[in-house]
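**Q** Just so it is clear, I am handing over my_file-v4.cif, which has mmCIF, C-alpha atoms.
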```cif
data_final
#
loop_
_atom_site.label_atom_id
_atom_site.label_comp_id
_atom_site.auth_asym_id
_atom_site.auth_seq_id
_atom_site.Cartn_x
_atom_site.Cartn_y
_atom_site.Cartn_z
CA MET A 1 -34.74 15.07 9.39
CA GLU A 2 -32.14 17.59 8.28
CA ASN A 3 -32.13 18.56 4.61
CA LYS A 4 -28.66 17.07 4.14
CA PHE A 5 -29.31 13.37 4.28
CA LEU A 6 -29.15 10.18 2.27
CA LYS A 7 -32.02 7.74 2.39
CA LEU A 8 -31.28 4.18 1.35
CA ASN A 9 -33.38 1.80 -0.67
CA PRO A 10 -35.04 -1.05 1.28
CA GLY A 11 -32.55 -3.73 2.32
CA ARG A 12 -29.48 -1.70 1.42
CA GLU A 13 -28.58 -0.90 5.01
CA LYS A 14 -27.18 -4.38 5.75
CA SER A 15 -23.54 -3.53 5.10
CA LEU A 16 -23.75 -0.44 7.32
CA LEU A 17 -25.25 -2.51 10.12
CA ARG A 18 -22.09 -4.64 9.86
CA ARG A 19 -20.08 -1.38 10.11
CA HIS A 20 -18.84 -1.29 6.53
CA VAL A 21 -18.16 2.36 5.66
CA TRP A 22 -18.87 2.51 1.92
CA ILE A 23 -22.19 3.56 0.40
CA PHE A 24 -22.62 3.16 -3.36
CA SER A 25 -24.95 5.29 -5.46
CA GLY A 26 -27.15 2.32 -6.37
CA ALA A 27 -28.09 1.91 -2.71
CA VAL A 28 -29.51 5.42 -2.42
CA ALA A 29 -33.18 6.31 -2.88
CA ASP A 30 -33.09 10.00 -1.92
CA TYR A 31 -30.27 12.52 -2.09
CA PRO A 32 -29.38 15.61 -0.05
CA GLY A 33 -30.72 18.83 -1.45
CA GLU A 34 -27.90 21.34 -0.90
CA ALA A 35 -24.93 19.25 0.25
CA ALA A 36 -21.56 20.16 -1.27
CA PRO A 37 -18.93 17.55 -2.21
CA GLY A 38 -17.28 16.35 0.99
CA GLU A 39 -19.92 17.77 3.29
CA THR A 40 -21.28 15.61 6.09
CA VAL A 41 -24.72 14.08 5.56
CA GLU A 42 -26.85 11.86 7.77
CA VAL A 43 -27.73 8.41 6.45
CA PHE A 44 -31.10 6.76 7.08
CA ASP A 45 -32.61 3.44 6.09
CA ALA A 46 -35.86 3.16 4.15
CA LYS A 47 -37.83 3.32 7.42
CA ASN A 48 -36.10 6.55 8.48
CA ASN A 49 -33.89 4.92 11.10
CA PHE A 50 -30.56 6.70 11.62
CA LEU A 51 -27.55 4.70 10.41
CA ALA A 52 -24.48 6.94 10.19
CA ARG A 53 -22.86 10.26 9.40
CA ALA A 54 -20.91 10.21 6.15
CA ALA A 55 -18.97 12.38 3.71
CA TYR A 56 -20.96 13.05 0.55
CA SER A 57 -19.30 12.58 -2.86
CA PRO A 58 -21.82 13.23 -5.65
CA ASP A 59 -19.29 12.73 -8.47
CA SER A 60 -18.41 9.19 -7.40
CA GLN A 61 -20.11 5.81 -7.60
CA LEU A 62 -18.94 5.51 -4.01
CA ILE A 63 -21.33 8.28 -3.08
CA ALA A 64 -20.59 8.44 0.65
CA ARG A 65 -18.01 7.18 3.15
CA VAL A 66 -19.02 6.82 6.77
CA TRP A 67 -17.33 8.92 9.44
CA THR A 68 -19.25 7.54 12.41
CA PHE A 69 -22.15 5.29 13.34
CA ASP A 70 -22.70 7.21 16.59
CA ARG A 71 -25.46 9.81 16.25
CA ASP A 72 -24.03 11.75 19.19
CA GLU A 73 -20.62 12.15 17.53
CA GLN A 74 -20.22 15.37 15.57
CA ILE A 75 -17.83 15.67 12.63
CA ASP A 76 -15.76 18.59 13.86
CA GLU A 77 -12.17 19.38 14.78
CA ALA A 78 -12.39 17.32 17.97
CA PHE A 79 -13.51 14.30 15.91
CA PHE A 80 -10.46 14.50 13.63
CA ALA A 81 -8.16 15.06 16.61
CA ARG A 82 -9.45 11.86 18.23
CA ARG A 83 -8.96 9.82 15.08
CA ILE A 84 -5.45 11.13 14.45
CA LYS A 85 -4.39 10.59 18.07
CA ALA A 86 -5.73 7.02 17.95
CA ALA A 87 -3.72 6.33 14.80
CA VAL A 88 -0.55 7.75 16.36
CA GLU A 89 -1.10 5.68 19.52
CA TYR A 90 -1.47 2.50 17.44
CA ARG A 91 1.93 3.07 15.79
CA HIS A 92 3.39 3.65 19.26
CA PHE A 93 1.92 0.27 20.26
CA LEU A 94 3.69 -1.24 17.22
CA LYS A 95 6.95 0.40 18.36
CA LEU A 96 7.20 2.26 15.06
CA ASP A 97 7.67 5.74 16.49
CA ASP A 98 11.48 5.86 16.31
CA PRO A 99 12.16 9.49 15.33
CA LYS A 100 14.78 8.33 12.80
CA GLY A 101 12.49 5.73 11.25
CA GLY A 102 9.23 5.80 9.36
CA CYS A 103 5.86 4.12 9.00
CA ARG A 104 2.35 4.38 7.60
CA LEU A 105 0.85 6.71 10.20
CA ILE A 106 -2.75 6.79 8.93
CA ASN A 107 -4.21 4.08 6.71
CA SER A 108 -7.54 5.38 5.44
CA GLU A 109 -10.60 3.31 6.44
CA ALA A 110 -8.66 1.20 8.93
CA ASP A 111 -7.88 4.32 10.96
CA GLY A 112 -11.37 5.77 10.63
CA LEU A 113 -10.39 8.41 8.06
CA PRO A 114 -11.51 7.10 4.66
CA GLY A 115 -9.50 8.55 1.82
CA LEU A 116 -6.54 9.73 3.89
CA VAL A 117 -3.09 8.15 3.85
CA VAL A 118 -0.23 9.62 5.88
CA ASP A 119 3.32 8.27 5.78
CA ARG A 120 5.95 9.45 8.25
CA TYR A 121 9.58 9.77 7.17
CA ALA A 122 11.52 10.81 10.29
CA GLY A 123 10.18 14.36 10.87
CA VAL A 124 8.41 14.64 7.49
CA LEU A 125 4.78 13.68 6.91
CA VAL A 126 3.58 12.88 3.40
CA ILE A 127 -0.18 12.89 2.92
CA GLN A 128 -2.38 11.64 0.10
CA ILE A 129 -6.05 12.59 -0.16
CA THR A 130 -8.35 10.48 -2.34
CA SER A 131 -11.85 11.29 -1.05
CA ALA A 132 -14.10 14.35 -1.17
CA GLY A 133 -14.63 14.13 2.60
CA ILE A 134 -10.96 14.44 3.48
CA GLU A 135 -10.56 17.16 0.85
CA PHE A 136 -13.38 19.14 2.51
CA HIS A 137 -11.60 19.02 5.88
CA ARG A 138 -8.02 19.22 4.57
CA ASP A 139 -6.99 22.43 6.35
CA THR A 140 -8.23 21.15 9.72
CA ILE A 141 -6.49 17.80 9.26
CA VAL A 142 -3.16 19.39 8.28
CA LYS A 143 -3.29 21.72 11.29
CA LEU A 144 -4.01 18.81 13.64
CA LEU A 145 -1.29 16.60 12.13
CA ALA A 146 1.25 19.35 12.76
CA GLU A 147 0.08 19.89 16.34
CA ILE A 148 -0.25 16.23 17.31
CA THR A 149 2.91 14.85 15.67
CA GLY A 150 5.24 17.84 15.86
CA ALA A 151 6.25 17.24 12.24
CA ALA A 152 8.77 19.63 10.72
CA SER A 153 7.17 19.33 7.27
CA ILE A 154 3.89 18.14 5.78
CA TYR A 155 4.04 17.47 2.05
CA GLU A 156 1.07 16.49 -0.11
CA ARG A 157 1.26 13.75 -2.76
CA SER A 158 -2.31 13.76 -4.04
CA ASP A 159 -0.95 13.36 -7.57
CA VAL A 160 -2.93 10.19 -8.31
CA SER A 161 -5.49 9.57 -11.04
CA VAL A 162 -7.99 7.97 -8.64
CA ARG A 163 -8.88 11.48 -7.42
CA ALA A 164 -10.76 12.04 -10.68
CA LYS A 165 -13.38 9.54 -9.50
CA GLU A 166 -14.20 11.98 -6.69
CA GLY A 167 -14.23 15.00 -9.00
CA LEU A 168 -10.85 16.14 -7.65
CA ALA A 169 -7.84 17.39 -9.58
CA GLU A 170 -4.36 15.99 -8.93
CA ARG A 171 -2.20 18.07 -6.61
CA SER A 172 1.15 17.98 -4.82
CA GLY A 173 3.25 20.41 -2.83
CA LEU A 174 4.25 21.67 0.59
CA LEU A 175 1.40 22.19 3.06
CA TYR A 176 3.23 22.99 6.29
CA GLY A 177 6.71 23.83 7.57
CA ALA A 178 9.97 23.73 5.69
CA GLN A 179 10.53 22.06 2.35
CA PRO A 180 11.54 18.44 3.11
CA PRO A 181 15.14 17.42 2.41
CA ASN A 182 15.75 15.66 -0.88
CA PRO A 183 16.29 12.91 -0.07
CA VAL A 184 14.88 12.24 3.40
CA ILE A 185 16.97 9.61 5.25
CA ILE A 186 15.21 6.97 7.34
CA GLU A 187 16.37 3.88 9.22
CA GLU A 188 14.75 0.44 9.29
CA ASN A 189 16.10 -2.71 10.96
CA GLY A 190 19.66 -1.39 10.90
CA ALA A 191 19.50 -0.25 7.28
CA ARG A 192 19.43 3.33 6.00
CA PHE A 193 17.28 4.43 3.07
CA ALA A 194 17.16 7.67 1.09
CA VAL A 195 13.61 8.58 0.07
CA ASP A 196 12.41 11.06 -2.55
CA VAL A 197 9.10 12.07 -0.98
CA ARG A 198 8.32 14.58 -3.74
CA HIS A 199 8.54 12.32 -6.78
CA GLY A 200 8.93 8.69 -5.66
CA GLN A 201 6.30 5.98 -6.19
CA LYS A 202 3.51 6.04 -3.62
CA SER A 203 4.93 8.53 -1.12
CA GLY A 204 8.51 7.50 -1.88
CA PHE A 205 8.93 4.16 -0.07
CA TYR A 206 7.07 0.88 0.42
CA PHE A 207 6.49 0.59 4.16
CA ASP A 208 3.99 -2.19 3.48
CA GLN A 209 6.90 -4.57 2.68
CA ARG A 210 8.65 -4.04 6.03
CA CYS A 211 7.94 -7.60 7.22
CA ALA A 212 8.84 -9.09 3.85
CA ARG A 213 12.23 -7.33 3.93
CA ALA A 214 12.86 -8.91 7.34
CA ALA A 215 11.84 -12.30 5.93
CA VAL A 216 14.25 -11.94 2.99
CA ALA A 217 17.02 -11.03 5.43
CA ALA A 218 16.28 -14.17 7.47
CA TYR A 219 17.01 -16.41 4.45
CA ALA A 220 19.60 -14.37 2.54
CA ASP A 221 22.89 -15.36 4.20
CA GLY A 222 25.29 -16.78 1.63
CA ARG A 223 22.74 -16.76 -1.20
CA THR A 224 22.78 -15.23 -4.65
CA VAL A 225 19.70 -13.08 -5.13
CA LEU A 226 17.68 -11.81 -8.08
CA ASN A 227 15.51 -8.83 -7.14
CA ALA A 228 12.97 -8.16 -9.92
CA PHE A 229 10.89 -4.96 -9.99
CA SER A 230 13.47 -3.73 -7.51
CA TYR A 231 12.49 -0.04 -7.39
CA THR A 232 15.03 1.68 -5.06
CA GLY A 233 16.61 -1.56 -3.86
CA ALA A 234 15.21 -1.96 -0.34
CA PHE A 235 15.07 -5.76 -0.65
CA ALA A 236 18.64 -5.77 -1.96
CA VAL A 237 19.93 -3.69 0.94
CA SER A 238 18.18 -6.00 3.43
CA ALA A 239 19.56 -9.13 1.77
CA LEU A 240 23.14 -7.87 1.46
CA LEU A 241 23.31 -6.56 5.02
CA ALA A 242 22.13 -10.04 6.11
CA GLY A 243 25.02 -11.72 4.27
CA ALA A 244 23.79 -12.39 0.72
CA GLY A 245 26.71 -13.06 -1.60
CA HIS A 246 25.47 -11.08 -4.60
CA VAL A 247 22.28 -9.33 -5.75
CA ILE A 248 21.08 -8.34 -9.21
CA ASN A 249 18.41 -5.61 -9.21
CA ILE A 250 16.19 -5.28 -12.28
CA ASP A 251 13.80 -2.38 -12.86
CA SER A 252 12.55 -0.44 -15.88
CA SER A 253 13.17 2.89 -14.14
CA ALA A 254 16.70 4.29 -14.42
CA PRO A 255 16.01 6.96 -11.74
CA ALA A 256 14.81 4.26 -9.32
CA LEU A 257 17.99 2.24 -9.88
CA LYS A 258 20.09 5.36 -9.42
CA GLN A 259 18.41 5.75 -6.03
CA ALA A 260 19.05 2.04 -5.37
CA ALA A 261 22.77 2.56 -6.01
CA HIS A 262 22.74 5.43 -3.54
CA ASN A 263 21.00 3.27 -0.91
CA LEU A 264 23.53 0.49 -1.38
CA GLU A 265 26.46 2.90 -1.14
CA MET A 266 24.97 4.60 1.92
CA ASN A 267 24.87 1.20 3.67
CA LYS A 268 28.56 0.67 2.84
CA ILE A 269 27.90 -2.32 0.59
CA LYS A 270 30.79 -2.97 -1.78
CA PRO A 271 29.96 -2.46 -5.49
CA GLU A 272 31.17 -5.93 -6.48
CA ARG A 273 28.34 -7.44 -4.39
CA TYR A 274 25.53 -6.06 -6.56
CA GLU A 275 24.52 -5.15 -10.10
CA ASN A 276 21.72 -2.82 -11.22
CA ARG A 277 20.09 -3.50 -14.60
CA THR A 278 17.68 -1.08 -16.29
CA ALA A 279 15.41 -3.27 -18.41
CA ASP A 280 11.88 -4.49 -19.00
CA VAL A 281 11.59 -7.09 -16.27
CA PHE A 282 9.68 -9.70 -18.30
CA THR A 283 12.20 -9.47 -21.14
CA GLU A 284 15.18 -9.64 -18.80
CA LEU A 285 13.81 -12.62 -16.89
CA ARG A 286 13.36 -14.52 -20.17
CA ARG A 287 16.88 -13.59 -21.25
CA LEU A 288 18.33 -14.87 -17.97
CA VAL A 289 16.44 -18.15 -18.39
CA GLU A 290 17.79 -18.53 -21.93
CA GLU A 291 21.32 -17.87 -20.62
CA GLY A 292 20.91 -20.65 -18.07
CA ARG A 293 21.42 -18.32 -15.10
CA ARG A 294 20.44 -19.59 -11.66
CA PHE A 295 20.00 -17.93 -8.27
CA ASP A 296 19.42 -19.13 -4.71
CA LEU A 297 16.68 -16.60 -3.99
CA VAL A 298 14.37 -14.78 -6.40
CA ILE A 299 12.14 -11.85 -5.39
CA LEU A 300 9.16 -10.90 -7.60
CA ASP A 301 7.45 -7.73 -6.36
CA PRO A 302 5.65 -6.37 -9.43
CA PRO A 303 3.31 -3.39 -9.70
CA LYS A 304 -0.45 -3.92 -9.57
CA PHE A 305 -1.40 -6.02 -12.61
CA ILE A 306 -5.14 -6.01 -11.83
CA GLU A 307 -6.74 -2.56 -11.70
CA SER A 308 -10.32 -3.73 -12.29
CA GLN A 309 -12.45 -6.85 -12.58
CA LYS A 310 -12.10 -6.64 -16.38
CA ALA A 311 -8.31 -6.95 -16.03
CA LEU A 312 -8.46 -10.02 -13.75
CA VAL A 313 -7.80 -12.73 -16.36
CA ARG A 314 -5.00 -10.80 -18.08
CA GLY A 315 -3.45 -9.92 -14.72
CA CYS A 316 -3.53 -13.52 -13.53
CA ARG A 317 -1.66 -14.57 -16.68
CA ALA A 318 1.00 -11.94 -15.98
CA TYR A 319 1.47 -13.12 -12.39
CA GLN A 320 1.71 -16.72 -13.53
CA ASP A 321 4.18 -15.85 -16.28
CA ILE A 322 6.68 -14.11 -14.00
CA ALA A 323 6.34 -16.80 -11.30
CA ARG A 324 7.09 -19.49 -13.90
CA LEU A 325 10.19 -17.58 -14.96
CA GLY A 326 11.16 -17.09 -11.32
CA TYR A 327 11.00 -20.81 -10.64
CA ARG A 328 13.07 -21.56 -13.73
CA LEU A 329 15.78 -19.23 -12.43
CA LEU A 330 16.19 -21.02 -9.08
CA ASN A 331 18.94 -23.38 -8.08
CA PRO A 332 17.84 -26.62 -6.38
CA GLY A 333 16.72 -25.74 -2.87
CA GLY A 334 16.13 -22.13 -3.96
CA LEU A 335 13.50 -19.77 -2.56
CA LEU A 336 10.90 -17.75 -4.47
CA PHE A 337 9.41 -14.65 -2.80
CA ASN A 338 6.33 -13.96 -4.90
CA PHE A 339 4.01 -10.96 -4.30
CA SER A 340 0.77 -9.42 -5.54
CA CYS A 341 -0.43 -5.98 -4.46
CA SER A 342 -3.68 -6.27 -6.43
CA GLY A 343 -6.63 -5.99 -4.07
CA LEU A 344 -8.83 -8.05 -6.40
CA MET A 345 -6.39 -10.97 -6.14
CA THR A 346 -7.54 -13.30 -3.37
CA PRO A 347 -4.98 -15.30 -1.34
CA GLU A 348 -6.50 -18.55 -2.62
CA LEU A 349 -6.26 -17.47 -6.26
CA PHE A 350 -2.70 -16.23 -5.81
CA GLN A 351 -1.62 -19.54 -4.31
CA LYS A 352 -3.27 -21.41 -7.20
CA ILE A 353 -1.50 -19.20 -9.74
CA THR A 354 1.83 -19.78 -8.01
CA ALA A 355 1.19 -23.54 -7.92
CA ASP A 356 0.36 -23.55 -11.64
CA ALA A 357 3.57 -21.61 -12.32
CA ALA A 358 5.62 -24.24 -10.49
CA LEU A 359 3.91 -26.94 -12.54
CA ASP A 360 4.65 -25.08 -15.77
CA ALA A 361 8.29 -24.67 -14.71
CA GLY A 362 8.61 -28.38 -13.96
CA VAL A 363 9.57 -27.93 -10.30
CA ARG A 364 8.14 -29.23 -7.07
CA ALA A 365 7.69 -26.45 -4.52
CA ARG A 366 6.66 -26.32 -0.89
CA LEU A 367 5.01 -23.37 0.83
CA VAL A 368 7.37 -22.01 3.48
CA ARG A 369 5.23 -19.12 4.72
CA HIS A 370 2.65 -16.49 3.84
CA LEU A 371 3.49 -12.78 3.88
CA GLU A 372 1.19 -9.76 3.92
CA GLN A 373 1.22 -6.00 4.37
CA ALA A 374 2.99 -4.78 7.51
CA PRO A 375 0.87 -4.04 10.60
CA ASP A 376 1.16 -0.28 10.16
CA HIS A 377 -1.12 -0.91 7.14
CA PRO A 378 -3.96 -2.34 9.26
CA VAL A 379 -7.23 -3.70 7.90
CA SER A 380 -10.56 -2.88 9.51
CA LEU A 381 -12.42 -6.10 10.25
CA ALA A 382 -15.54 -4.43 8.83
CA VAL A 383 -13.76 -3.38 5.59
CA PRO A 384 -11.85 -6.44 4.34
CA GLU A 385 -11.13 -4.68 1.03
CA GLY A 386 -8.25 -2.98 2.85
CA PHE A 387 -6.27 -6.24 2.64
CA TYR A 388 -4.33 -6.08 -0.62
CA LEU A 389 -0.74 -7.35 -0.30
CA LYS A 390 -0.24 -11.09 -0.63
CA GLY A 391 3.13 -12.83 -0.53
CA LEU A 392 4.21 -16.46 -0.75
CA VAL A 393 7.62 -17.84 0.16
CA THR A 394 8.12 -21.20 -1.54
CA ARG A 395 11.13 -23.50 -1.78
CA ILE A 396 11.83 -25.91 -4.62
CA ASP A 397 13.25 -29.34 -3.94
CA ALA A 398 16.99 -29.72 -3.49
CA GLU A 399 18.22 -32.28 -6.02
#
```
What would the structure in this file look like if it were written as C-alpha cells?
**A**
Amino acid sequence: MENKFLKLNPGREKSLLRRHVWIFSGAVADYPGEAAPGETVEVFDAKNNFLARAAYSPDSQLIARVWTFDRDEQIDEAFFARRIKAAVEYRHFLKLDDPKGGCRLINSEADGLPGLVVDRYAGVLVIQITSAGIEFHRDTIVKLLAEITGAASIYERSDVSVRAKEGLAERSGLLYGAQPPNPVIIEENGARFAVDVRHGQKSGFYFDQRCARAAVAAYADGRTVLNAFSYTGAFAVSALLAGAGHVINIDSSAPALKQAAHNLEMNKIKPERYENRTADVFTELRRLVEEGRRFDLVILDPPKFIESQKALVRGCRAYQDIARLGYRLLNPGGLLFNFSCSGLMTPELFQKITADAALDAGVRARLVRHLEQAPDHPVSLAVPEGFYLKGLVTRIDAE
C-alpha cells in the first residue's frame, strides 16, 4: 500500500460498493500519514481491498470524496478533461448550449467533480468551489474550462460559508480572461435576463427553476399573479410574457427588486402590468390577507428554511405558514406554485405540509403536477442527496 491511504472500519465500505462518493470520518480506521488537504488518497476496506481514489479533507467530517472507483484511473489533468468534456456533452444533449443562453454546466457529484459548480452565462463561466479536492486542483480545472468551453471570462464565487467546513476561506474574483460585463445578458425561452454574476445570489441566477418558469408561463395567461420571494423577477417576466394581466413581486432585497425592474423593462413589459414591493414576505402576505386581496396564481419560492436536522421542525412550520397564507390569497380556481429548496425536505413531507396548509386555510386543493430542479442540475443515482428542489402545483376548487 502507498502511505497516502484511508482504511475503513469493518462494514463501512457498503456505501462505496453502491458507488456513493462520500466518506465520513467515523467510517475511517486509519489515516494517511503525509497527505495534504485535497490530495488524492487510496481507499481500502478493512481487509485491504481497494475501493476508490478520493480527495482527502482532514478538516471536514466528510473526510474524503471519491474521484473514481477504477484503480487504473489516475487523478491527473486528463482525468479532469474527461469529466469536464462529459459535462459539456450532457448540456449539449439537453440542447442548452445556445451561446446567448445559460445553464448549470457542472453540478458537483452528479458530474463526477464533487465540490465544483460551474454556471455558464453566455460566454462567462462562474465557478464555486466547496471541497478541498477541487481547491487542490483549481488551477488545472480553470485552465481546462477555458480550453474546452472557449469562455471569454471565468469568475469565481466561492464566497460561501460552507467552505469553512473544509478549512477553506471565502474567496471571489476573476480567474481568467476579461472582467465579465455587469450585468451579463442571457436569453431563456424568449425572455432576456440581466445577471449580476459578481454579487447576485448563488452565481447570479436560478437556473434550477427553468422548468418551473415554463410551467408558470403555461398557466399565466389572463391571470393576476403574486410572486413572493421574487428575487430578480424571473417568474414575473415569464408570466407577463405569457399573457398574465398583472404581477406583484415581493422581496426583502431592494437591490434584487431594482434588478427585477430592469429585467421587466428589458423585456418591454409596460410598468402598469407589475408592481415591486420591498418588504418582509411573511409580513406582507399577512397584510394582503387582512386586506382581502386575491390572486389567480401565487408563487412561493422561499430561501432554504432547513439548514440542518435541528432546524427541521422550525423549517416545516415556516413552509406550512407561507403555504397557508398563499392558499388564503387565491381566488376560486386559483393555482399555488409552492417550492422548497431544502435538501432535508422529502417530497412526501413537503406534500403533507402543503396539504396541512390547505386544511388550515379552509380550501380544497388538487395536485396538478410535481416540479423539480431542471435537468442541467442532474442527480447521480448513487448520490440521491443531490435532489433538493421540490415543487407542487395545486389548484383550489372553483366555487
**Q** Pick out the residues sitting within 9 Å of A:Val225, and hand them over as a list in words; count all atoms listed in the file, and ignore anything fewer than 2 positions along from it in its own chain.
**A**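 Counting only the stated atoms, we get Ala220, Arg223, Asn227, Ala236, Ala239, Ala244, Gly245, His246, Val247, Ile248, Asn249, Phe295, Asp296, Leu297, Val298 and Ile299 of chain A.
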**Q** State, in Å with one decimal place, the distance from atom CA of A:Glu399 to atom CA of A:Glu348.
**A**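 We find that atom CA of A:Glu399 and atom CA of A:Glu348 lie 28.5 Å from each other.
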**Q** Calculate how many Å separate atom CA of A:Leu285 from atom CA of A:Phe387, rounding to one decimal.
**A**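 The value is 28.7 Å.
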**Q** For a quick check of understanding, using all atoms listed in the file, which of A:Val197, A:Val88, A:Ala260, A:Ala191 has the smallest distance to A:Lys100?
**A** A:Ala191
**Q** Work out how far apart atom CA of A:Ala87 and atom CA of A:Tyr121 are and give it in Å to one decimal.
**A** 15.7 Å
**Q** For stretch 338-341 of chain A, work out the shell of residues within 10 Å, counting all atoms listed in the file and skipping chain neighbours fewer than 5 positions away, then give it as JSON, numbers by chain.
**A** {"A": [208, 209, 212, 298, 299, 300, 301, 302, 303, 304, 305, 306, 316, 319, 322, 323, 326, 346, 347, 350, 351, 354, 370, 371, 372, 373, 387, 388, 389, 390, 391, 392, 393, 394]}
**Q** Could you expand the PyMOL selection byres ((chain A and resi 81) around 10) into the explicit residues it covers here, written as a list of chain:residue names?
**A**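 Taken over the shown coordinates, the PyMOL selection byres ((chain A and resi 81) around 10) returns A:Asp76, A:Glu77, A:Ala78, A:Phe79, A:Phe80, A:Arg82, A:Arg83, A:Ile84, A:Lys85, A:Ala86, A:Ala87, A:Thr140, A:Ile141, A:Lys143, A:Leu144, A:Leu145, A:Glu147, A:Ile148.
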**Q** Restricting the calculation to all atoms listed in the file, which member of A:Tyr155, A:Phe93, A:Tyr56, A:Tyr219 is positioned closest to A:Leu241?
**A**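 Under the stated criterion, the closest residue is A:Tyr219.
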**Q** Find, counting all atoms listed in the file, the residue in A:Asn263, A:Gln128, A:Gln201, A:Asn276 that gets nearest to A:Ala228.
**A** A:Asn276
**Q** What would stretch 274-285 of chain A look like with N, CA and C atoms in place, written as an mmCIF file, keeping the file's coordinate frame?
**A**
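Final output, saved to result.cif:
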```cif
data_model
loop_
_atom_site.group_PDB
_atom_site.id
_atom_site.type_symbol
_atom_site.label_atom_id
_atom_site.label_comp_id
_atom_site.auth_asym_id
_atom_site.auth_seq_id
_atom_site.Cartn_x
_atom_site.Cartn_y
_atom_site.Cartn_z
ATOM 1 N N TYR A 274 26.851 -6.283 -5.949
ATOM 2 C CA TYR A 274 25.530 -6.060 -6.560
ATOM 3 C C TYR A 274 25.686 -5.538 -7.982
ATOM 4 N N GLU A 275 24.595 -5.668 -8.733
ATOM 5 C CA GLU A 275 24.520 -5.150 -10.100
ATOM 6 C C GLU A 275 23.111 -4.608 -10.318
ATOM 7 N N ASN A 276 23.009 -3.433 -10.909
ATOM 8 C CA ASN A 276 21.720 -2.820 -11.220
ATOM 9 C C ASN A 276 21.496 -2.828 -12.725
ATOM 10 N N ARG A 277 20.387 -3.404 -13.171
ATOM 11 C CA ARG A 277 20.090 -3.500 -14.600
ATOM 12 C C ARG A 277 18.791 -2.764 -14.918
ATOM 13 N N THR A 278 18.872 -1.780 -15.808
ATOM 14 C CA THR A 278 17.680 -1.080 -16.290
ATOM 15 C C THR A 278 17.148 -1.846 -17.485
ATOM 16 N N ALA A 279 15.955 -2.440 -17.330
ATOM 17 C CA ALA A 279 15.410 -3.270 -18.410
ATOM 18 C C ALA A 279 13.943 -3.547 -18.137
ATOM 19 N N ASP A 280 13.217 -3.924 -19.191
ATOM 20 C CA ASP A 280 11.880 -4.490 -19.000
ATOM 21 C C ASP A 280 12.029 -5.805 -18.260
ATOM 22 N N VAL A 281 11.341 -5.937 -17.153
ATOM 23 C CA VAL A 281 11.590 -7.090 -16.270
ATOM 24 C C VAL A 281 11.223 -8.397 -16.949
ATOM 25 N N PHE A 282 10.080 -8.464 -17.627
ATOM 26 C CA PHE A 282 9.680 -9.700 -18.300
ATOM 27 C C PHE A 282 10.737 -10.120 -19.318
ATOM 28 N N THR A 283 11.189 -9.164 -20.117
ATOM 29 C CA THR A 283 12.200 -9.470 -21.140
ATOM 30 C C THR A 283 13.498 -9.939 -20.513
ATOM 31 N N GLU A 284 13.912 -9.275 -19.438
ATOM 32 C CA GLU A 284 15.180 -9.640 -18.800
ATOM 33 C C GLU A 284 15.099 -10.996 -18.119
ATOM 34 N N LEU A 285 13.961 -11.308 -17.509
ATOM 35 C CA LEU A 285 13.810 -12.620 -16.890
ATOM 36 C C LEU A 285 13.919 -13.727 -17.944
#
```
